[in-house]
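Visitor: Structure file upload.tsv (TSV, C-alpha atoms) right here:
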```tsv
chain	number	residue	atom	x	y	z
A	1	MET	CA	2.10	-17.55	12.53
A	2	SER	CA	0.41	-19.13	9.52
A	3	LEU	CA	-2.76	-18.52	7.56
A	4	SER	CA	-5.56	-21.06	7.66
A	5	GLU	CA	-6.86	-22.79	4.55
A	6	GLN	CA	-10.02	-20.69	4.90
A	7	GLN	CA	-8.03	-17.45	4.98
A	8	ILE	CA	-6.05	-18.44	1.90
A	9	SER	CA	-9.29	-19.41	0.14
A	10	THR	CA	-10.78	-16.01	1.01
A	11	TYR	CA	-7.76	-14.25	-0.46
A	12	ARG	CA	-7.92	-16.30	-3.67
A	13	GLU	CA	-11.66	-15.74	-4.03
A	14	THR	CA	-12.02	-12.06	-3.10
A	15	GLY	CA	-8.52	-10.72	-3.80
A	16	HIS	CA	-7.89	-9.45	-0.30
A	17	LEU	CA	-7.61	-10.62	3.31
A	18	THR	CA	-7.51	-8.77	6.64
A	19	VAL	CA	-5.47	-10.36	9.42
A	20	PRO	CA	-5.74	-8.59	12.81
A	21	ALA	CA	-3.03	-8.29	15.46
A	22	ILE	CA	0.02	-9.26	13.44
A	23	PHE	CA	1.68	-6.35	15.24
A	24	THR	CA	1.06	-4.99	18.71
A	25	ALA	CA	-0.13	-1.46	19.42
A	26	ALA	CA	3.33	-0.71	20.83
A	27	GLU	CA	4.99	-1.87	17.60
A	28	ALA	CA	2.60	0.30	15.59
A	29	ASP	CA	3.38	3.30	17.79
A	30	THR	CA	7.12	2.75	17.24
A	31	LEU	CA	6.52	2.89	13.49
A	32	ILE	CA	4.46	6.07	13.87
A	33	ALA	CA	7.24	7.77	15.82
A	34	ASP	CA	9.82	6.79	13.21
A	35	ALA	CA	7.56	7.99	10.38
A	36	GLN	CA	7.05	11.33	12.10
A	37	ALA	CA	10.78	11.81	12.67
A	38	TRP	CA	11.41	11.06	8.98
A	39	ALA	CA	8.63	13.41	7.92
A	40	ASP	CA	9.98	16.22	10.10
A	41	ALA	CA	13.47	15.83	8.63
A	42	THR	CA	12.11	15.67	5.08
A	43	ILE	CA	9.96	18.79	5.50
A	44	ALA	CA	12.87	20.72	7.00
A	45	GLY	CA	14.83	20.14	3.78
A	46	MET	CA	12.04	21.20	1.41
A	47	SER	CA	11.85	24.46	-0.48
A	48	GLU	CA	8.67	26.52	-0.26
A	49	ALA	CA	7.66	25.30	-3.73
A	50	GLU	CA	8.16	21.69	-2.68
A	51	ARG	CA	6.13	22.22	0.47
A	52	ALA	CA	3.28	23.68	-1.57
A	53	TRP	CA	3.33	20.63	-3.87
A	54	TYR	CA	3.92	17.73	-1.47
A	55	LEU	CA	2.23	18.68	1.78
A	56	GLU	CA	-1.41	18.34	2.77
A	57	ARG	CA	-3.18	21.21	4.47
A	58	GLY	CA	-1.67	21.44	7.92
A	59	GLY	CA	1.86	20.82	6.69
A	60	VAL	CA	1.79	17.00	6.68
A	61	PRO	CA	3.16	14.98	3.74
A	62	ARG	CA	0.60	12.82	1.96
A	63	LYS	CA	3.16	10.02	1.73
A	64	LEU	CA	6.83	9.10	1.90
A	65	ASP	CA	8.34	6.56	-0.48
A	66	ASN	CA	10.56	3.54	0.14
A	67	PRO	CA	10.67	3.37	3.95
A	68	VAL	CA	11.75	-0.28	3.76
A	69	PHE	CA	14.92	0.86	2.01
A	70	HIS	CA	15.53	4.10	3.90
A	71	ARG	CA	14.42	3.33	7.46
A	72	PRO	CA	15.80	0.40	9.51
A	73	ALA	CA	12.59	0.19	11.58
A	74	TYR	CA	10.55	-0.48	8.45
A	75	ARG	CA	13.11	-2.88	7.02
A	76	ARG	CA	12.81	-4.95	10.21
A	77	ILE	CA	9.03	-4.91	9.92
A	78	ALA	CA	9.18	-6.08	6.28
A	79	GLY	CA	11.09	-9.17	7.44
A	80	HIS	CA	9.06	-9.76	10.60
A	81	PRO	CA	8.56	-13.55	10.85
A	82	ALA	CA	4.77	-13.40	11.26
A	83	LEU	CA	4.30	-11.01	8.34
A	84	LEU	CA	6.77	-12.83	6.10
A	85	ALA	CA	5.10	-16.18	6.80
A	86	CYS	CA	1.75	-14.82	5.58
A	87	VAL	CA	3.30	-13.22	2.50
A	88	GLU	CA	5.08	-16.40	1.45
A	89	GLN	CA	1.94	-18.48	1.92
A	90	LEU	CA	0.18	-16.16	-0.52
A	91	ILE	CA	2.81	-15.74	-3.27
A	92	GLY	CA	5.50	-18.38	-2.63
A	93	GLN	CA	8.90	-18.68	-1.01
A	94	GLY	CA	11.62	-16.08	-1.53
A	95	VAL	CA	10.49	-12.46	-1.82
A	96	ARG	CA	11.79	-8.94	-2.29
A	97	VAL	CA	10.36	-5.44	-1.76
A	98	PRO	CA	10.72	-3.19	-4.82
A	99	PHE	CA	8.64	-0.37	-3.39
A	100	SER	CA	6.97	0.72	-0.16
A	101	GLN	CA	5.06	3.78	1.02
A	102	ILE	CA	3.98	5.44	4.25
A	103	PHE	CA	0.57	7.13	3.98
A	104	PHE	CA	-0.17	9.78	6.62
A	105	LYS	CA	-3.83	10.78	5.95
A	106	PRO	CA	-4.15	13.33	8.78
A	107	PRO	CA	-7.41	14.15	10.60
A	108	GLU	CA	-10.03	16.01	8.56
A	109	VAL	CA	-7.71	16.85	5.66
A	110	GLY	CA	-6.28	13.53	4.43
A	111	GLY	CA	-7.16	13.09	0.77
A	112	PRO	CA	-8.42	10.06	-1.20
A	113	LYS	CA	-6.65	7.63	-3.51
A	114	PRO	CA	-8.72	6.75	-6.60
A	115	VAL	CA	-9.41	3.24	-7.87
A	116	HIS	CA	-6.32	1.48	-9.24
A	117	GLN	CA	-4.49	-1.85	-9.53
A	118	ASP	CA	-0.96	-2.35	-8.23
A	119	ASN	CA	-0.11	-4.75	-11.05
A	120	PHE	CA	-0.69	-1.96	-13.58
A	121	TYR	CA	2.11	-0.04	-11.90
A	122	PHE	CA	4.52	-2.99	-11.65
A	123	GLY	CA	3.62	-4.97	-14.79
A	124	CYS	CA	4.54	-8.33	-13.25
A	125	ASP	CA	4.98	-11.25	-15.64
A	126	ASP	CA	3.16	-13.44	-13.06
A	127	PRO	CA	0.22	-11.47	-11.61
A	128	ASP	CA	-0.09	-13.96	-8.73
A	129	GLY	CA	3.53	-13.35	-7.70
A	130	MET	CA	2.90	-9.95	-6.13
A	131	VAL	CA	1.00	-9.00	-2.95
A	132	THR	CA	0.67	-5.75	-1.03
A	133	ALA	CA	0.74	-5.86	2.76
A	134	TRP	CA	-1.04	-2.75	4.07
A	135	ILE	CA	-0.20	-2.32	7.76
A	136	ALA	CA	-2.56	-0.19	9.84
A	137	MET	CA	-0.49	1.94	12.22
A	138	ASP	CA	-3.77	3.51	13.37
A	139	GLU	CA	-7.15	1.84	13.32
A	140	ALA	CA	-8.50	2.25	9.77
A	141	THR	CA	-12.26	2.82	9.56
A	142	VAL	CA	-14.76	3.98	6.96
A	143	GLU	CA	-14.78	7.39	8.65
A	144	ASN	CA	-11.01	7.97	8.55
A	145	GLY	CA	-10.30	6.52	5.11
A	146	CYS	CA	-9.84	2.74	5.15
A	147	LEU	CA	-9.29	0.80	1.94
A	148	PHE	CA	-12.18	-0.29	-0.28
A	149	PHE	CA	-11.88	-3.32	-2.59
A	150	GLY	CA	-13.56	-4.60	-5.72
A	151	GLU	CA	-14.46	-8.10	-4.59
A	152	GLY	CA	-13.07	-10.79	-6.91
A	153	THR	CA	-11.39	-8.36	-9.30
A	154	ASN	CA	-8.12	-10.22	-8.72
A	155	ARG	CA	-9.53	-12.86	-11.08
A	156	GLY	CA	-10.19	-10.32	-13.81
A	157	PRO	CA	-8.04	-8.33	-16.22
A	158	ILE	CA	-5.70	-5.42	-15.65
A	159	TYR	CA	-7.53	-2.33	-16.88
A	160	PRO	CA	-6.06	0.70	-18.65
A	161	HIS	CA	-5.16	3.52	-16.26
A	162	VAL	CA	-4.96	7.25	-16.86
A	163	ALA	CA	-3.29	10.15	-15.04
A	164	PRO	CA	-5.12	13.41	-14.27
A	165	PRO	CA	-3.56	16.61	-15.66
A	166	GLY	CA	-0.57	17.67	-13.60
A	167	ARG	CA	-0.42	14.36	-11.68
A	168	PRO	CA	1.55	11.99	-13.93
A	169	PHE	CA	2.23	9.41	-11.19
A	170	ASP	CA	-1.36	9.20	-9.92
A	171	LEU	CA	-2.43	6.43	-12.29
A	172	GLN	CA	-6.04	5.29	-11.91
A	173	LEU	CA	-9.00	3.76	-13.71
A	174	THR	CA	-11.12	6.10	-15.78
A	175	PRO	CA	-14.19	7.32	-13.86
A	176	GLU	CA	-16.41	5.41	-16.30
A	177	GLU	CA	-14.59	2.10	-15.69
A	178	ALA	CA	-14.35	2.65	-11.93
A	179	ALA	CA	-18.12	3.20	-11.75
A	180	ARG	CA	-18.69	-0.31	-13.11
A	181	HIS	CA	-17.09	-1.94	-10.03
A	182	PRO	CA	-18.82	-1.80	-6.64
A	183	MET	CA	-16.32	-1.25	-3.83
A	184	THR	CA	-16.54	-2.79	-0.36
A	185	PRO	CA	-14.92	-1.20	2.73
A	186	ALA	CA	-12.30	-3.22	4.61
A	187	PRO	CA	-11.62	-1.73	8.07
A	188	VAL	CA	-8.36	-2.83	9.73
A	189	PRO	CA	-7.61	-2.66	13.48
A	190	LYS	CA	-4.42	-1.00	14.71
A	191	GLY	CA	-1.55	-3.43	14.13
A	192	GLY	CA	-3.56	-5.49	11.67
A	193	VAL	CA	-2.60	-6.12	8.04
A	194	SER	CA	-4.72	-6.03	4.90
A	195	PHE	CA	-3.22	-8.19	2.13
A	196	HIS	CA	-4.35	-7.63	-1.44
A	197	HIS	CA	-3.54	-9.23	-4.78
A	198	GLY	CA	-1.86	-7.04	-7.39
A	199	ASN	CA	-4.88	-7.20	-9.71
A	200	THR	CA	-7.44	-6.29	-7.03
A	201	LEU	CA	-9.13	-2.94	-7.60
A	202	HIS	CA	-8.83	-0.76	-4.52
A	203	GLN	CA	-9.13	2.82	-3.35
A	204	SER	CA	-9.31	4.88	-0.17
A	205	SER	CA	-11.53	7.79	0.73
A	206	ASP	CA	-11.00	11.14	2.46
A	207	ASN	CA	-10.30	11.28	6.16
A	208	ARG	CA	-13.17	13.38	7.51
A	209	SER	CA	-12.76	12.17	11.10
A	210	PRO	CA	-10.79	13.75	13.98
A	211	ARG	CA	-8.43	10.73	14.02
A	212	TRP	CA	-5.26	9.89	12.10
A	213	ARG	CA	-5.13	7.07	9.58
A	214	ARG	CA	-1.46	6.26	9.12
A	215	ALA	CA	-0.44	3.11	7.29
A	216	VAL	CA	2.51	1.56	5.49
A	217	ALA	CA	2.07	-0.37	2.25
A	218	ILE	CA	4.80	-2.89	1.52
A	219	HIS	CA	4.74	-4.34	-1.99
A	220	TYR	CA	6.24	-7.85	-2.05
A	221	VAL	CA	7.23	-9.65	-5.24
A	222	ARG	CA	8.40	-13.25	-5.49
A	223	ASN	CA	12.06	-13.35	-6.47
A	224	ASP	CA	11.53	-15.09	-9.82
A	225	VAL	CA	8.90	-12.54	-10.96
A	226	ARG	CA	10.01	-9.78	-13.32
A	227	PHE	CA	8.53	-6.39	-14.19
A	228	ALA	CA	7.70	-7.18	-17.80
A	229	ASN	CA	5.63	-4.07	-18.55
A	230	PRO	CA	5.83	-1.53	-15.71
A	231	ALA	CA	3.91	1.73	-16.00
A	232	LEU	CA	6.60	3.61	-14.08
A	233	THR	CA	10.37	3.29	-13.80
A	234	TYR	CA	11.60	1.69	-10.58
A	235	ASP	CA	15.10	2.19	-9.23
A	236	GLU	CA	16.56	-1.29	-8.87
A	237	SER	CA	19.13	-0.02	-6.36
A	238	LEU	CA	16.24	0.54	-3.90
A	239	ILE	CA	14.97	-3.06	-4.04
A	240	VAL	CA	15.33	-4.90	-0.72
A	241	ARG	CA	15.68	-8.68	-0.75
A	242	ILE	CA	13.80	-10.10	2.22
A	243	SER	CA	14.10	-13.88	1.83
```
Would you encode the structure as structure tokens?
Guide:
Amino acid sequence: MSLSEQQISTYRETGHLTVPAIFTAAEADTLIADAQAWADATIAGMSEAERAWYLERGGVPRKLDNPVFHRPAYRRIAGHPALLACVEQLIGQGVRVPFSQIFFKPPEVGGPKPVHQDNFYFGCDDPDGMVTAWIAMDEATVENGCLFFGEGTNRGPIYPHVAPPGRPFDLQLTPEEAARHPMTPAPVPKGGVSFHHGNTLHQSSDNRSPRWRRAVAIHYVRNDVRFANPALTYDESLIVRIS
């Protein structure tokens, strides 16, 4: 699989690109089953205080970190030839995954993620050397909390981020700055992938539908790119070299 010149041009111009059907529905369902098994095992080992902090209403975790490192099914997906071909067309040959996340966003209770930029978190010395591949394990719609993007913000600066009280890792634009950037929804079909540049402003909304919106975000960085000014500390022992 390879991206067309038009698709690459769209990514460069808008900062994001949706590619449908990179994975089959059966492959997406396999990932869902693995995510649920991991979530069940994680919850079983939590204290009551941890459950109160980490779980959404209904007893579902909001997210689980580093599935590409911890779960063989997700490591295989990160190196899937079709996905890897797209990633390397966008940021160059030879990539690694420093961080990945599964987002559960359950029906009617899944919460939002405010406006932010991935490159603020990672502080890459080459902003163009990082791309996030957001894989829709369920169909992602406006109703169940798909991503929204600030069109063309990949070609702008990295903005200061702040953390709300009591949520030191939830870095985001200030409400005043976020309000200056119109956001456009980007639905993704089940098994499709939304690629976005590290500078692109993005957010997701609440899930107020009766349907799940599970997804995995895999952050790829070209091997020669370094985290020059990261906002958070990343454990280098969890980095997975893909190519």
Visitor: Point out the residue among A:Cys86, A:Val60, A:Ile218, A:Ala73 with the least atom-to-atom distance to Asp118 of chain A, counting all atoms listed in the file.
Guide: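 Using all atoms listed in the file, Asp118 of chain A sits closest to A:Ile218.
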Visitor: Which residues of segment 109-177 of chain A come within 9 Å of segment 17-27 of chain A, and for each one, what is the closest pair of atoms and their distance in Å to one decimal, counting all atoms listed in the file, sorted by chain and residue number, as JSON lines?
Guide:
```
{"residue": "A:Ile135", "atom": "CA", "partner": "A:Phe23", "partner_atom": "CA", "distance": 8.7}
{"residue": "A:Met137", "atom": "CA", "partner": "A:Ala25", "partner_atom": "CA", "distance": 8.0}
{"residue": "A:Asp138", "atom": "CA", "partner": "A:Ala25", "partner_atom": "CA", "distance": 8.6}
```
Visitor: Give me, as a tab-separated table (two decimals) with C-alpha atoms, keeping the file's coordinate frame, all polymer residues having an atom no more than 9 Å from segment 155-172 of chain A, counting only C-alpha atoms and skipping those fewer than 6 positions away in the same chain.
Guide:
```tsv
chain	number	residue	atom	x	y	z
A	12	ARG	CA	-7.92	-16.30	-3.67
A	13	GLU	CA	-11.66	-15.74	-4.03
A	14	THR	CA	-12.02	-12.06	-3.10
A	15	GLY	CA	-8.52	-10.72	-3.80
A	113	LYS	CA	-6.65	7.63	-3.51
A	114	PRO	CA	-8.72	6.75	-6.60
A	115	VAL	CA	-9.41	3.24	-7.87
A	116	HIS	CA	-6.32	1.48	-9.24
A	117	GLN	CA	-4.49	-1.85	-9.53
A	119	ASN	CA	-0.11	-4.75	-11.05
A	120	PHE	CA	-0.69	-1.96	-13.58
A	121	TYR	CA	2.11	-0.04	-11.90
A	178	ALA	CA	-14.35	2.65	-11.93
A	199	ASN	CA	-4.88	-7.20	-9.71
A	200	THR	CA	-7.44	-6.29	-7.03
A	231	ALA	CA	3.91	1.73	-16.00
A	232	LEU	CA	6.60	3.61	-14.08
```
Visitor: Between atom CA of Asn229 of chain A and atom CA of Pro182 of chain A, what is the distance in Å, rounded to a tenth?
Guide: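 Here the two named atoms are 27.3 Å from each other.
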Visitor: Of the candidates A:Pro81, A:Gly94, A:Pro175, A:Pro107, which one gets nearest to Arg62 of chain A if we count only C-alpha atoms?
Guide: A:Pro107
Visitor: What does the structure give for the distance between atom CA of Ile8 of chain A and atom CA of Val131 of chain A, in Å to one decimal?
Guide: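 Going from atom CA of Ile8 of chain A over to atom CA of Val131 of chain A, I get 12.7 Å.
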Visitor: Between atom CA of Leu83 of chain A and atom CA of Phe195 of chain A, what is the distance in Å, rounded to a tenth?
Guide: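 Result for atom CA of Leu83 of chain A versus atom CA of Phe195 of chain A: 10.2 Å, one decimal.
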Visitor: From the list A:Val142, A:Leu147, A:Ala179, A:Ile91, which residue is nearest Asn223 of chain A when using all atoms listed in the file?
Guide: A:Ile91
Visitor: Considering all atoms listed in the file, state which residue in the set A:Gly192, A:Ser237, A:Asp65, A:Pro210 is at the smallest distance from Ala82 of chain A.
Guide: A:Gly192
Visitor: Using only C-alpha atoms, find the one residue out of A:Glu151, A:Arg211, A:His196, A:Glu139 that sits nearest to Ala28 of chain A.
Guide: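 Of A:Glu151, A:Arg211, A:His196, A:Glu139, the one nearest Ala28 of chain A, counting only C-alpha atoms, is A:Glu139.
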Visitor: Ranking A:Phe148, A:Trp212, A:Trp38, A:Tyr220 by minimum distance to Pro187 of chain A and counting only C-alpha atoms, which one comes first?
Guide: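 Looking only at the distances to Pro187 of chain A, the closest residue turns out to be A:Phe148.
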Visitor: Please return as a PyMOL selection string every residue within 6 Å of (-14.0, 15.1, 7.0), taking into account all atoms listed in the file and the file's own coordinates.
Guide: chain A and resi 108+207-209
